[in-house]
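Raw run.cif, mmCIF, C-alpha atoms:
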```
data_input
#
loop_
_atom_site.label_atom_id
_atom_site.label_comp_id
_atom_site.auth_asym_id
_atom_site.auth_seq_id
_atom_site.Cartn_x
_atom_site.Cartn_y
_atom_site.Cartn_z
CA MET A 220 0.00 0.00 0.00
CA LYS A 221 1.01 3.63 -0.46
CA ALA A 222 1.51 6.08 2.39
CA TRP A 223 2.79 9.62 2.82
CA GLN A 224 5.35 10.23 5.55
CA VAL A 225 7.51 13.08 6.76
CA ALA A 226 10.83 11.33 6.37
CA ARG A 227 13.94 13.44 5.90
CA GLU A 228 13.09 16.72 7.60
CA TRP A 229 10.19 18.62 9.10
CA SER A 230 8.88 20.46 6.06
CA ILE A 231 6.48 20.07 3.17
CA ASP A 232 9.48 19.18 1.01
CA GLY A 233 10.32 16.46 3.53
CA LEU A 234 7.20 14.49 2.61
CA GLU A 235 7.74 11.23 0.73
CA LEU A 236 5.28 8.84 -0.89
CA VAL A 237 6.38 5.33 0.10
CA GLU A 238 5.28 1.70 -0.24
CA ARG A 239 4.47 -0.23 2.94
CA PRO A 240 3.06 -3.69 3.65
CA ALA A 241 -0.71 -3.63 4.15
CA PRO A 242 -1.40 -4.27 7.86
CA GLU A 243 -3.76 -6.96 9.20
CA PRO A 244 -6.06 -6.49 12.19
CA ARG A 245 -5.50 -8.41 15.40
CA ALA A 246 -8.09 -9.17 18.10
CA GLY A 247 -10.12 -6.05 18.88
CA GLU A 248 -8.89 -4.20 15.79
CA VAL A 249 -10.30 -3.24 12.39
CA ALA A 250 -8.67 -2.58 9.03
CA VAL A 251 -10.04 0.46 7.20
CA ARG A 252 -9.42 1.19 3.54
CA MET A 253 -9.04 4.96 3.56
CA ARG A 254 -11.01 6.77 0.88
CA ALA A 255 -10.43 10.42 1.76
CA ALA A 256 -8.66 12.78 4.14
CA SER A 257 -8.93 16.46 5.01
CA LEU A 258 -6.45 19.07 6.17
CA ASN A 259 -6.34 21.02 9.40
CA TYR A 260 -3.97 23.83 10.33
CA ARG A 261 -2.57 21.48 12.95
CA ASP A 262 -1.46 19.13 10.13
CA LEU A 263 0.51 21.91 8.47
CA LEU A 264 2.19 22.78 11.78
CA THR A 265 3.03 19.11 12.36
CA VAL A 266 4.60 18.65 8.92
CA GLN A 267 6.63 21.81 9.52
CA GLY A 268 7.87 20.51 12.88
CA ARG A 269 5.87 23.05 14.90
CA GLY A 270 3.04 20.80 16.07
CA GLY A 271 4.77 18.75 18.77
CA ALA A 272 7.86 16.77 19.68
CA TYR A 273 7.37 13.82 17.35
CA LYS A 274 9.90 11.45 15.81
CA LEU A 275 10.64 10.91 12.13
CA PRO A 276 9.33 9.24 10.08
CA LEU A 277 5.70 10.21 10.76
CA ILE A 278 2.55 9.53 8.72
CA PRO A 279 0.67 12.85 9.08
CA PHE A 280 -2.96 14.06 9.07
CA SER A 281 -5.63 13.21 11.61
CA ASP A 282 -8.87 13.34 9.62
CA GLY A 283 -10.15 10.80 7.16
CA ALA A 284 -12.92 8.40 6.19
CA GLY A 285 -13.05 4.94 4.67
CA ASP A 286 -14.71 1.56 4.81
CA VAL A 287 -14.01 -1.41 7.06
CA ILE A 288 -12.39 -4.23 5.04
CA ALA A 289 -11.50 -6.67 7.85
CA VAL A 290 -12.17 -7.12 11.57
CA GLY A 291 -10.22 -8.96 14.22
CA ASP A 292 -11.56 -11.43 16.75
CA GLY A 293 -14.09 -10.04 19.20
CA VAL A 294 -15.09 -6.97 17.19
CA THR A 295 -18.81 -6.19 17.35
CA ARG A 296 -19.04 -2.37 17.14
CA VAL A 297 -18.59 -2.31 13.36
CA SER A 298 -18.68 -4.80 10.50
CA VAL A 299 -16.99 -5.26 7.15
CA GLY A 300 -18.47 -2.76 4.72
CA ASP A 301 -19.31 -0.10 7.32
CA ARG A 302 -18.31 3.45 6.36
CA VAL A 303 -16.39 5.00 9.24
CA CYS A 304 -14.19 7.83 10.42
CA PRO A 305 -11.21 7.15 12.67
CA MET A 306 -11.47 9.29 15.79
CA PHE A 307 -8.88 12.04 16.26
CA PHE A 308 -8.28 10.96 19.87
CA GLN A 309 -8.10 7.19 19.84
CA SER A 310 -8.67 6.82 23.57
CA TRP A 311 -11.30 9.51 24.33
CA PHE A 312 -14.64 7.76 24.16
CA ASP A 313 -16.76 9.70 26.66
CA GLY A 314 -16.56 12.12 29.56
CA ARG A 315 -14.51 15.25 30.07
CA PRO A 316 -10.99 15.66 28.65
CA SER A 317 -8.02 14.31 30.59
CA ALA A 318 -4.33 13.79 29.98
CA ALA A 319 -4.99 10.07 29.64
CA ASN A 320 -7.86 10.15 27.14
CA ARG A 321 -6.17 12.76 24.93
CA ARG A 322 -2.84 10.92 24.80
CA LEU A 323 -3.38 8.97 21.55
CA ALA A 324 -3.83 11.45 18.68
CA LEU A 325 -3.71 10.49 15.01
CA GLY A 326 -1.07 12.26 12.96
CA GLY A 327 0.96 12.90 16.10
CA THR A 328 1.44 10.37 18.86
CA ARG A 329 -0.10 7.79 16.50
CA PRO A 330 0.40 7.37 12.73
CA GLY A 331 -2.03 9.48 10.73
CA VAL A 332 -4.54 8.77 7.97
CA LEU A 333 -2.37 9.34 4.87
CA GLN A 334 -2.10 5.60 4.24
CA GLU A 335 -4.27 3.46 2.01
CA VAL A 336 -5.06 0.93 4.76
CA MET A 337 -5.14 1.69 8.49
CA VAL A 338 -5.43 -0.73 11.38
CA LEU A 339 -7.12 0.80 14.42
CA ASN A 340 -8.68 -0.25 17.67
CA ALA A 341 -12.32 -0.99 16.93
CA GLU A 342 -13.30 1.45 19.69
CA GLY A 343 -11.53 4.22 17.78
CA VAL A 344 -13.80 4.35 14.73
CA THR A 345 -17.39 5.51 14.29
CA ARG A 346 -19.94 5.27 11.48
CA ILE A 347 -20.46 8.34 9.31
CA PRO A 348 -23.72 10.07 8.29
CA ARG A 349 -25.36 8.10 5.51
CA HIS A 350 -25.88 11.04 3.14
CA LEU A 351 -22.24 12.14 3.12
CA SER A 352 -19.56 11.06 0.66
CA PHE A 353 -16.22 9.85 2.00
CA VAL A 354 -14.65 13.21 1.13
CA GLU A 355 -17.37 15.09 3.00
CA ALA A 356 -17.18 12.78 6.02
CA ALA A 357 -13.40 13.17 6.17
CA THR A 358 -13.91 16.78 7.34
CA LEU A 359 -15.71 15.79 10.54
CA PRO A 360 -13.28 14.27 13.10
CA CYS A 361 -11.38 17.49 13.91
CA ALA A 362 -12.94 20.59 12.33
CA GLY A 363 -16.55 19.49 12.59
CA LEU A 364 -16.21 18.03 16.07
CA THR A 365 -14.26 21.00 17.43
CA ALA A 366 -17.01 23.39 16.30
CA TRP A 367 -19.70 21.07 17.69
CA ARG A 368 -18.04 20.73 21.09
CA ALA A 369 -17.35 24.47 21.29
CA LEU A 370 -20.96 25.46 20.71
CA PHE A 371 -22.94 22.68 22.35
CA GLU A 372 -20.73 21.04 24.97
CA GLU A 373 -18.88 24.13 26.22
CA ALA A 374 -20.96 27.21 25.32
CA ARG A 375 -24.31 25.42 25.72
CA LEU A 376 -25.64 27.45 22.80
CA ARG A 377 -29.33 28.33 22.92
CA PRO A 378 -31.68 29.60 20.21
CA GLY A 379 -31.57 33.38 19.86
CA GLU A 380 -28.02 33.79 21.16
CA THR A 381 -25.34 35.51 19.10
CA VAL A 382 -22.15 33.79 17.87
CA LEU A 383 -19.14 35.57 16.37
CA VAL A 384 -17.16 33.37 13.97
CA GLN A 385 -13.67 34.42 12.87
CA GLY A 386 -12.78 33.76 9.26
CA THR A 387 -14.02 31.17 6.81
CA GLY A 388 -11.79 28.16 7.41
CA GLY A 389 -13.02 24.69 8.26
CA VAL A 390 -13.89 25.08 11.96
CA SER A 391 -15.41 28.52 11.40
CA ILE A 392 -17.71 27.39 8.59
CA PHE A 393 -18.85 24.38 10.62
CA ALA A 394 -19.52 26.75 13.54
CA LEU A 395 -21.62 28.95 11.25
CA GLN A 396 -23.63 25.95 10.01
CA PHE A 397 -24.15 24.45 13.48
CA ALA A 398 -25.05 27.78 15.06
CA LYS A 399 -27.71 28.45 12.41
CA LEU A 400 -29.04 24.91 12.91
CA ALA A 401 -29.50 25.79 16.59
CA GLY A 402 -31.37 29.01 15.83
CA ALA A 403 -28.55 31.40 16.72
CA THR A 404 -27.62 34.73 15.14
CA VAL A 405 -24.17 34.59 13.52
CA ILE A 406 -21.60 37.30 12.77
CA VAL A 407 -18.73 36.33 10.45
CA THR A 408 -15.45 38.21 9.96
CA SER A 409 -13.07 37.97 7.00
CA SER A 410 -10.68 40.11 4.98
CA SER A 411 -12.45 39.08 1.76
CA ASP A 412 -15.77 40.57 0.69
CA ASP A 413 -16.25 37.63 -1.66
CA LYS A 414 -15.90 35.15 1.20
CA LEU A 415 -18.28 37.21 3.31
CA GLU A 416 -20.90 37.01 0.55
CA ARG A 417 -20.45 33.23 0.51
CA ALA A 418 -20.88 33.19 4.29
CA LYS A 419 -24.14 35.10 3.90
CA ALA A 420 -25.33 32.43 1.48
CA LEU A 421 -24.74 29.88 4.26
CA GLY A 422 -26.87 31.90 6.66
CA ALA A 423 -24.60 34.52 8.24
CA ASP A 424 -26.75 37.33 9.65
CA HIS A 425 -24.04 39.99 9.68
CA THR A 426 -20.53 40.23 8.24
CA ILE A 427 -17.52 42.43 8.98
CA ASN A 428 -14.45 42.92 6.80
CA TYR A 429 -11.69 43.29 9.38
CA ARG A 430 -9.40 45.00 6.87
CA SER A 431 -11.80 47.88 6.37
CA VAL A 432 -13.04 47.77 9.98
CA PRO A 433 -9.90 47.26 12.13
CA GLU A 434 -11.89 47.66 15.37
CA TRP A 435 -14.16 44.79 14.39
CA GLY A 436 -14.63 43.66 17.99
CA LYS A 437 -16.37 46.90 18.91
CA ALA A 438 -18.33 46.84 15.64
CA ALA A 439 -19.60 43.34 16.44
CA ALA A 440 -20.50 44.29 20.00
CA ASP A 441 -22.39 47.38 18.80
CA TRP A 442 -24.29 45.39 16.17
CA ALA A 443 -25.27 42.80 18.78
CA GLY A 444 -26.55 45.50 21.11
CA GLY A 445 -23.86 45.38 23.78
CA GLY A 446 -21.78 42.33 22.96
CA VAL A 447 -22.03 38.83 21.53
CA ASP A 448 -22.79 35.78 23.63
CA HIS A 449 -20.08 33.51 22.21
CA VAL A 450 -16.88 34.11 20.22
CA VAL A 451 -15.28 31.27 18.25
CA GLU A 452 -11.64 32.37 18.56
CA VAL A 453 -9.37 30.83 15.91
CA GLY A 454 -6.90 33.63 15.26
CA GLY A 455 -4.75 33.68 18.38
CA LYS A 456 -2.26 36.49 18.83
CA ASP A 457 -3.79 39.07 16.47
CA THR A 458 -7.45 38.49 17.32
CA PHE A 459 -7.80 37.71 21.01
CA GLY A 460 -7.95 41.33 22.13
CA GLN A 461 -10.72 42.03 19.64
CA SER A 462 -12.59 38.93 20.86
CA ILE A 463 -12.56 40.35 24.39
CA GLU A 464 -13.94 43.61 23.01
CA ALA A 465 -16.68 41.79 21.09
CA ALA A 466 -17.92 39.63 23.98
CA ARG A 467 -20.77 40.75 26.20
CA VAL A 468 -20.52 40.85 29.96
CA GLY A 469 -20.70 37.20 31.03
CA GLY A 470 -19.95 36.03 27.49
CA THR A 471 -17.83 33.09 26.37
CA ILE A 472 -14.65 33.04 24.28
CA LEU A 473 -13.96 29.59 22.84
CA VAL A 474 -10.24 29.39 22.06
CA ILE A 475 -9.54 26.78 19.40
CA GLY A 476 -6.86 28.16 17.08
CA VAL A 477 -3.57 30.01 16.70
CA LEU A 478 -3.62 31.05 13.04
CA SER A 479 -1.85 34.36 13.67
CA GLY A 480 0.52 33.25 16.40
CA PHE A 481 0.86 31.73 19.84
CA ALA A 482 1.61 34.59 22.27
CA GLN A 483 -0.45 37.63 23.21
CA GLU A 484 -0.62 40.09 26.07
CA ILE A 485 -4.04 39.84 27.67
CA ALA A 486 -5.81 42.78 29.32
CA ILE A 487 -6.62 40.87 32.49
CA PRO A 488 -8.89 43.61 33.90
CA SER A 489 -11.15 43.17 30.86
CA LEU A 490 -11.52 39.47 31.67
CA PHE A 491 -12.70 39.97 35.23
CA SER A 492 -14.57 43.24 34.68
CA LYS A 493 -16.62 41.55 31.96
CA ASN A 494 -16.86 38.27 33.91
CA LEU A 495 -15.80 36.42 30.74
CA HIS A 496 -15.61 32.65 30.37
CA VAL A 497 -12.48 31.77 28.36
CA ILE A 498 -12.41 28.09 27.37
CA GLY A 499 -9.60 26.39 25.50
CA LEU A 500 -10.55 23.23 23.66
CA SER A 501 -9.30 20.76 21.09
CA VAL A 502 -11.57 18.31 19.26
CA GLY A 503 -13.79 16.03 21.38
CA SER A 504 -14.82 12.52 22.39
CA ARG A 505 -16.35 9.70 20.39
CA LYS A 506 -19.69 10.25 22.12
CA MET A 507 -19.64 13.90 21.02
CA PHE A 508 -18.84 12.79 17.46
CA GLU A 509 -21.81 10.42 17.48
CA ALA A 510 -24.15 13.20 18.64
CA MET A 511 -22.80 15.50 15.93
CA ALA A 512 -23.12 12.83 13.24
CA SER A 513 -26.73 12.18 14.25
CA ALA A 514 -27.57 15.89 14.01
CA ILE A 515 -25.85 16.17 10.63
CA GLU A 516 -27.77 13.17 9.30
CA ARG A 517 -31.13 14.42 10.56
CA SER A 518 -30.61 17.95 9.25
CA GLY A 519 -28.95 17.04 5.95
CA ILE A 520 -26.06 19.47 6.52
CA LYS A 521 -23.26 19.16 3.97
CA PRO A 522 -19.67 20.13 4.83
CA VAL A 523 -18.25 22.95 2.70
CA ILE A 524 -15.22 21.79 0.71
CA ASP A 525 -13.09 24.33 -1.10
CA ARG A 526 -11.02 21.90 -3.17
CA THR A 527 -10.21 18.19 -3.36
CA PHE A 528 -6.68 17.13 -4.34
CA ASP A 529 -5.57 13.75 -5.62
CA PHE A 530 -3.68 11.50 -3.20
CA GLY A 531 -0.44 12.21 -5.05
CA ALA A 532 -0.82 15.97 -4.57
CA VAL A 533 -0.65 16.20 -0.76
CA PRO A 534 2.23 18.74 -0.84
CA GLU A 535 0.18 21.03 -3.10
CA ALA A 536 -2.78 20.76 -0.70
CA LEU A 537 -0.56 21.77 2.21
CA ARG A 538 0.74 24.76 0.28
CA LEU A 539 -2.82 25.91 -0.31
CA MET A 540 -3.42 25.63 3.44
CA GLU A 541 -0.21 27.61 4.00
CA ARG A 542 -1.43 30.42 1.71
CA GLY A 543 -4.76 30.53 3.52
CA GLY A 544 -6.89 31.21 0.46
CA HIS A 545 -9.48 28.49 1.05
CA PHE A 546 -13.15 28.70 2.08
CA GLY A 547 -14.18 25.75 4.21
CA LYS A 548 -12.14 22.55 4.00
CA ILE A 549 -9.31 21.25 1.82
CA ALA A 550 -9.63 17.52 1.10
CA ILE A 551 -7.65 14.61 -0.34
CA GLY A 552 -9.24 11.87 -2.46
CA PHE A 553 -7.55 8.48 -2.25
CA PRO A 554 -7.13 6.04 -5.16
CA GLN A 555 -10.17 3.81 -5.41
CA ALA A 556 -9.36 0.10 -5.23
#
```

Can I see the file as structure tokens?
Amino acid sequence: MKAWQVAREWSIDGLELVERPAPEPRAGEVAVRMRAASLNYRDLLTVQGRGGAYKLPLIPFSDGAGDVIAVGDGVTRVSVGDRVCPMFFQSWFDGRPSAANRRLALGGTRPGVLQEVMVLNAEGVTRIPRHLSFVEAATLPCAGLTAWRALFEEARLRPGETVLVQGTGGVSIFALQFAKLAGATVIVTSSSDDKLERAKALGADHTINYRSVPEWGKAAADWAGGGVDHVVEVGGKDTFGQSIEAARVGGTILVIGVLSGFAQEIAIPSLFSKNLHVIGLSVGSRKMFEAMASAIERSGIKPVIDRTFDFGAVPEALRLMERGGHFGKIAIGFPQA
């Protein structure tokens, strides 16, 4: 089977397409023929050597979808032919996050999905919504689930509340779709008027171009009549101060990204004077994924995919992620056996 691995150095140019023996499942395991993958900013950081202290060689990428082609002894959760996603965290099945249940992460502490056949613990895969293609389903394990957990597990979003979504990348577009599904009012920011028009077509109630409106946090707060209930914070260094400005007294800032950098001075008096809830989060549990998948299936939501690359063009897909010109998700289609 073919697999991509970061082999010689931590960089996009360090990726190599290699041949490996196809693995066989043991007791309690399943073999999944991967059909698609999708990119997250975390994958780019990992390939560049900025995503953690991992050893070479490493098969990257956490998110994918495929079909079960073999099961080991004792497996009852899934059967041959089931369409599944591997879970980002292979040991977080339920409950709140802990160091133990977040220890096994695909594309990091465990080999990632850029391989034609994966062997996984049967507890670490879950069926995908029936109406989605493999490419669409491959966007769910990280971006979809992070947005779902942020809004429904952490923010406890209610109909009529206001959500501010930063940008139009994968997590942000899922947050827009899920928030509208819940009956919320959504504000979207971007530097592109074209992308803002596309966000409106997906249901955004108000949009702000942060290039032409540098004080977009205040603009969002004014439009919402005194502040927004929840901010989906993906920018990091360059956006966190504006997120504080945008949030209402008692509001929630859901910190899930570092697109503009890792470090920022925080105006601590603003945090306690506004009584803000600042929650950092990364992905979610299998139980959360199952709840999300059920809601997606019932509602008919379709993930927004900017572009799908062939399996042999993974470096080009990463460079598109690096340029940041995408709307929604970037995906990889695998060779069909």

Target residues per the PyMOL selection byres ((chain A and resi 495-498) around 7), formatted as a ChimeraX atom specification: /A:468-474,490-491,493-494,499-500

Residue IDs satisfying the PyMOL selection byres ((chain A and resi 293-297) around 9), as a list in words: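 For this structure, the PyMOL selection byres ((chain A and resi 293-297) around 9) resolves to Ala246, Gly247, Glu248, Val249, Val287, Val290, Gly291, Asp292, Ser298, Val299, Gly300, Asp301, Val303, Ala341, Glu342, Val344, Thr345 and Arg346 of chain A.
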
Distance of CA of Gly446 in chain A from CA of Pro522 in chain A, expressed in Å to one decimal place: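 CA of Pro522 in chain A sits 28.7 Å away from CA of Gly446 in chain A.
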
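Ranking A:Ala418, A:Ala510, A:Ala226, A:Leu333 by their shortest atom-to-atom distance to Gly531 in chain A, with only C-alpha atoms included, puts A:Leu333 first.
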
Interatomic distance (Å, one decimal) between CA of Ser281 in chain A and CA of Val384 in chain A: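 CA of Val384 in chain A lies 23.3 Å from CA of Ser281 in chain A.
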
Option closest in space to Arg329 in chain A, from A:Asp525, A:Pro279, A:Ala289, A:Glu434 [counting all atoms listed in the file]: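 Closest candidate: A:Pro279.
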
Report as CSV the residues of range 344-394 of chain A within 12 Å of range 419-422 of chain A, each with its shortest atom pair and distance in Å (one decimal), using all atoms listed in the file, ordered by chain and increasing residue number.
```
residue,atom,partner,partner_atom,distance
A:Thr387,CA,A:Leu421,CA,11.1
A:Ser391,CA,A:Leu421,CA,11.8
A:Ile392,CA,A:Leu421,CA,8.6
A:Phe393,CA,A:Leu421,CA,10.3
A:Ala394,CA,A:Leu421,CA,11.1
```

Pick from A:Ser492, A:Thr328, A:Thr458, A:Ser501 nearest to Ile475 in chain A, counting all atoms listed in the file: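 Comparing A:Ser492, A:Thr328, A:Thr458, A:Ser501 against Ile475 in chain A, the winner is A:Ser501.
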
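If all atoms listed in the file are the atoms counted, then among A:Gly268, A:Gly386, A:Gly233, A:Pro240 the closest residue to Arg430 in chain A is A:Gly386.
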
Under the PyMOL selection byres ((chain A and resi 448) around 6), which residues of this model are included? Write them out as an mmCIF file with C-alpha atoms, keeping the file's coordinate frame.
```cif
data_model
loop_
_atom_site.group_PDB
_atom_site.id
_atom_site.type_symbol
_atom_site.label_atom_id
_atom_site.label_comp_id
_atom_site.auth_asym_id
_atom_site.auth_seq_id
_atom_site.Cartn_x
_atom_site.Cartn_y
_atom_site.Cartn_z
ATOM 1 C CA THR A 381 -25.340 35.510 19.100
ATOM 2 C CA VAL A 447 -22.030 38.830 21.530
ATOM 3 C CA HIS A 449 -20.080 33.510 22.210
ATOM 4 C CA ARG A 467 -20.770 40.750 26.200
ATOM 5 C CA GLY A 470 -19.950 36.030 27.490
#
```

Close residues, Gln385 in chain A itself excluded, 12 Å, only C-alpha atoms, min 4 positions apart in chain, as a PyMOL selection string: chain A and resi 389-395+405-410+414-415+418+423+426-429+435-436+439+449-455+457-459+461-462+465+472-479

Next, write the just-selected residues to a file, as a PDB file, in the frame of the given file, keeping C-alpha atoms as the atom set.
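The new file part32.pdb reads:
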```
ATOM      1  CA  GLY A 389     -13.020  24.690   8.260  1.00  0.00           C
ATOM      2  CA  VAL A 390     -13.890  25.080  11.960  1.00  0.00           C
ATOM      3  CA  SER A 391     -15.410  28.520  11.400  1.00  0.00           C
ATOM      4  CA  ILE A 392     -17.710  27.390   8.590  1.00  0.00           C
ATOM      5  CA  PHE A 393     -18.850  24.380  10.620  1.00  0.00           C
ATOM      6  CA  ALA A 394     -19.520  26.750  13.540  1.00  0.00           C
ATOM      7  CA  LEU A 395     -21.620  28.950  11.250  1.00  0.00           C
ATOM      8  CA  VAL A 405     -24.170  34.590  13.520  1.00  0.00           C
ATOM      9  CA  ILE A 406     -21.600  37.300  12.770  1.00  0.00           C
ATOM     10  CA  VAL A 407     -18.730  36.330  10.450  1.00  0.00           C
ATOM     11  CA  THR A 408     -15.450  38.210   9.960  1.00  0.00           C
ATOM     12  CA  SER A 409     -13.070  37.970   7.000  1.00  0.00           C
ATOM     13  CA  SER A 410     -10.680  40.110   4.980  1.00  0.00           C
ATOM     14  CA  LYS A 414     -15.900  35.150   1.200  1.00  0.00           C
ATOM     15  CA  LEU A 415     -18.280  37.210   3.310  1.00  0.00           C
ATOM     16  CA  ALA A 418     -20.880  33.190   4.290  1.00  0.00           C
ATOM     17  CA  ALA A 423     -24.600  34.520   8.240  1.00  0.00           C
ATOM     18  CA  THR A 426     -20.530  40.230   8.240  1.00  0.00           C
ATOM     19  CA  ILE A 427     -17.520  42.430   8.980  1.00  0.00           C
ATOM     20  CA  ASN A 428     -14.450  42.920   6.800  1.00  0.00           C
ATOM     21  CA  TYR A 429     -11.690  43.290   9.380  1.00  0.00           C
ATOM     22  CA  TRP A 435     -14.160  44.790  14.390  1.00  0.00           C
ATOM     23  CA  GLY A 436     -14.630  43.660  17.990  1.00  0.00           C
ATOM     24  CA  ALA A 439     -19.600  43.340  16.440  1.00  0.00           C
ATOM     25  CA  HIS A 449     -20.080  33.510  22.210  1.00  0.00           C
ATOM     26  CA  VAL A 450     -16.880  34.110  20.220  1.00  0.00           C
ATOM     27  CA  VAL A 451     -15.280  31.270  18.250  1.00  0.00           C
ATOM     28  CA  GLU A 452     -11.640  32.370  18.560  1.00  0.00           C
ATOM     29  CA  VAL A 453      -9.370  30.830  15.910  1.00  0.00           C
ATOM     30  CA  GLY A 454      -6.900  33.630  15.260  1.00  0.00           C
ATOM     31  CA  GLY A 455      -4.750  33.680  18.380  1.00  0.00           C
ATOM     32  CA  ASP A 457      -3.790  39.070  16.470  1.00  0.00           C
ATOM     33  CA  THR A 458      -7.450  38.490  17.320  1.00  0.00           C
ATOM     34  CA  PHE A 459      -7.800  37.710  21.010  1.00  0.00           C
ATOM     35  CA  GLN A 461     -10.720  42.030  19.640  1.00  0.00           C
ATOM     36  CA  SER A 462     -12.590  38.930  20.860  1.00  0.00           C
ATOM     37  CA  ALA A 465     -16.680  41.790  21.090  1.00  0.00           C
ATOM     38  CA  ILE A 472     -14.650  33.040  24.280  1.00  0.00           C
ATOM     39  CA  LEU A 473     -13.960  29.590  22.840  1.00  0.00           C
ATOM     40  CA  VAL A 474     -10.240  29.390  22.060  1.00  0.00           C
ATOM     41  CA  ILE A 475      -9.540  26.780  19.400  1.00  0.00           C
ATOM     42  CA  GLY A 476      -6.860  28.160  17.080  1.00  0.00           C
ATOM     43  CA  VAL A 477      -3.570  30.010  16.700  1.00  0.00           C
ATOM     44  CA  LEU A 478      -3.620  31.050  13.040  1.00  0.00           C
ATOM     45  CA  SER A 479      -1.850  34.360  13.670  1.00  0.00           C
TER      46      SER A 479
END
```

Pick from A:Ile463, A:Leu277, A:Leu383, A:Ile524 nearest to Ala443 in chain A, counting all atoms listed in the file: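 Looking only at the distances to Ala443 in chain A, the closest residue turns out to be A:Leu383.
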
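Near Leu325 in chain A, within a cut-off of 10 Å and counting all atoms listed in the file, sit the residues Ile278, Pro279, Phe280, Ser281, Asp282, Pro305, Met306, Phe307, Phe308, Gln309, Pro330, Gly331 and Val332 of chain A, with same-chain residues fewer than 5 positions away left out.
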
Store the residues picked out above, limited to C-alpha atoms, as an mmCIF file, in the coordinates of the input.
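File written: part-v9.cif
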```cif
data_model
loop_
_atom_site.group_PDB
_atom_site.id
_atom_site.type_symbol
_atom_site.label_atom_id
_atom_site.label_comp_id
_atom_site.auth_asym_id
_atom_site.auth_seq_id
_atom_site.Cartn_x
_atom_site.Cartn_y
_atom_site.Cartn_z
ATOM 1 C CA ILE A 278 2.550 9.530 8.720
ATOM 2 C CA PRO A 279 0.670 12.850 9.080
ATOM 3 C CA PHE A 280 -2.960 14.060 9.070
ATOM 4 C CA SER A 281 -5.630 13.210 11.610
ATOM 5 C CA ASP A 282 -8.870 13.340 9.620
ATOM 6 C CA PRO A 305 -11.210 7.150 12.670
ATOM 7 C CA MET A 306 -11.470 9.290 15.790
ATOM 8 C CA PHE A 307 -8.880 12.040 16.260
ATOM 9 C CA PHE A 308 -8.280 10.960 19.870
ATOM 10 C CA GLN A 309 -8.100 7.190 19.840
ATOM 11 C CA PRO A 330 0.400 7.370 12.730
ATOM 12 C CA GLY A 331 -2.030 9.480 10.730
ATOM 13 C CA VAL A 332 -4.540 8.770 7.970
#
```

Pairwise distance for CA of Met511 in chain A and CA of Arg417 in chain A, rounded to one decimal in Å: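 If I compute the distance from CA of Met511 in chain A to CA of Arg417 in chain A, I get 23.6 Å.
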
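Of the listed residues A:Asp529, A:Glu541, A:Glu509, A:Asp441, the one whose atoms come nearest to Phe312 in chain A is A:Glu509, with distances taken using all atoms listed in the file.
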
Neighbour list for Val502 in chain A as a ChimeraX atom specification, cut-off 6 Å, only C-alpha atoms, skip fewer than 5 positions in-chain: /A:361,364-365

Spatial neighbours of Ile347 in chain A, max dist 12 Å, only C-alpha atoms, sep filter under 4 positions, as a PyMOL selection string: chain A and resi 283-287+297+301-306+351-360+505+508-516
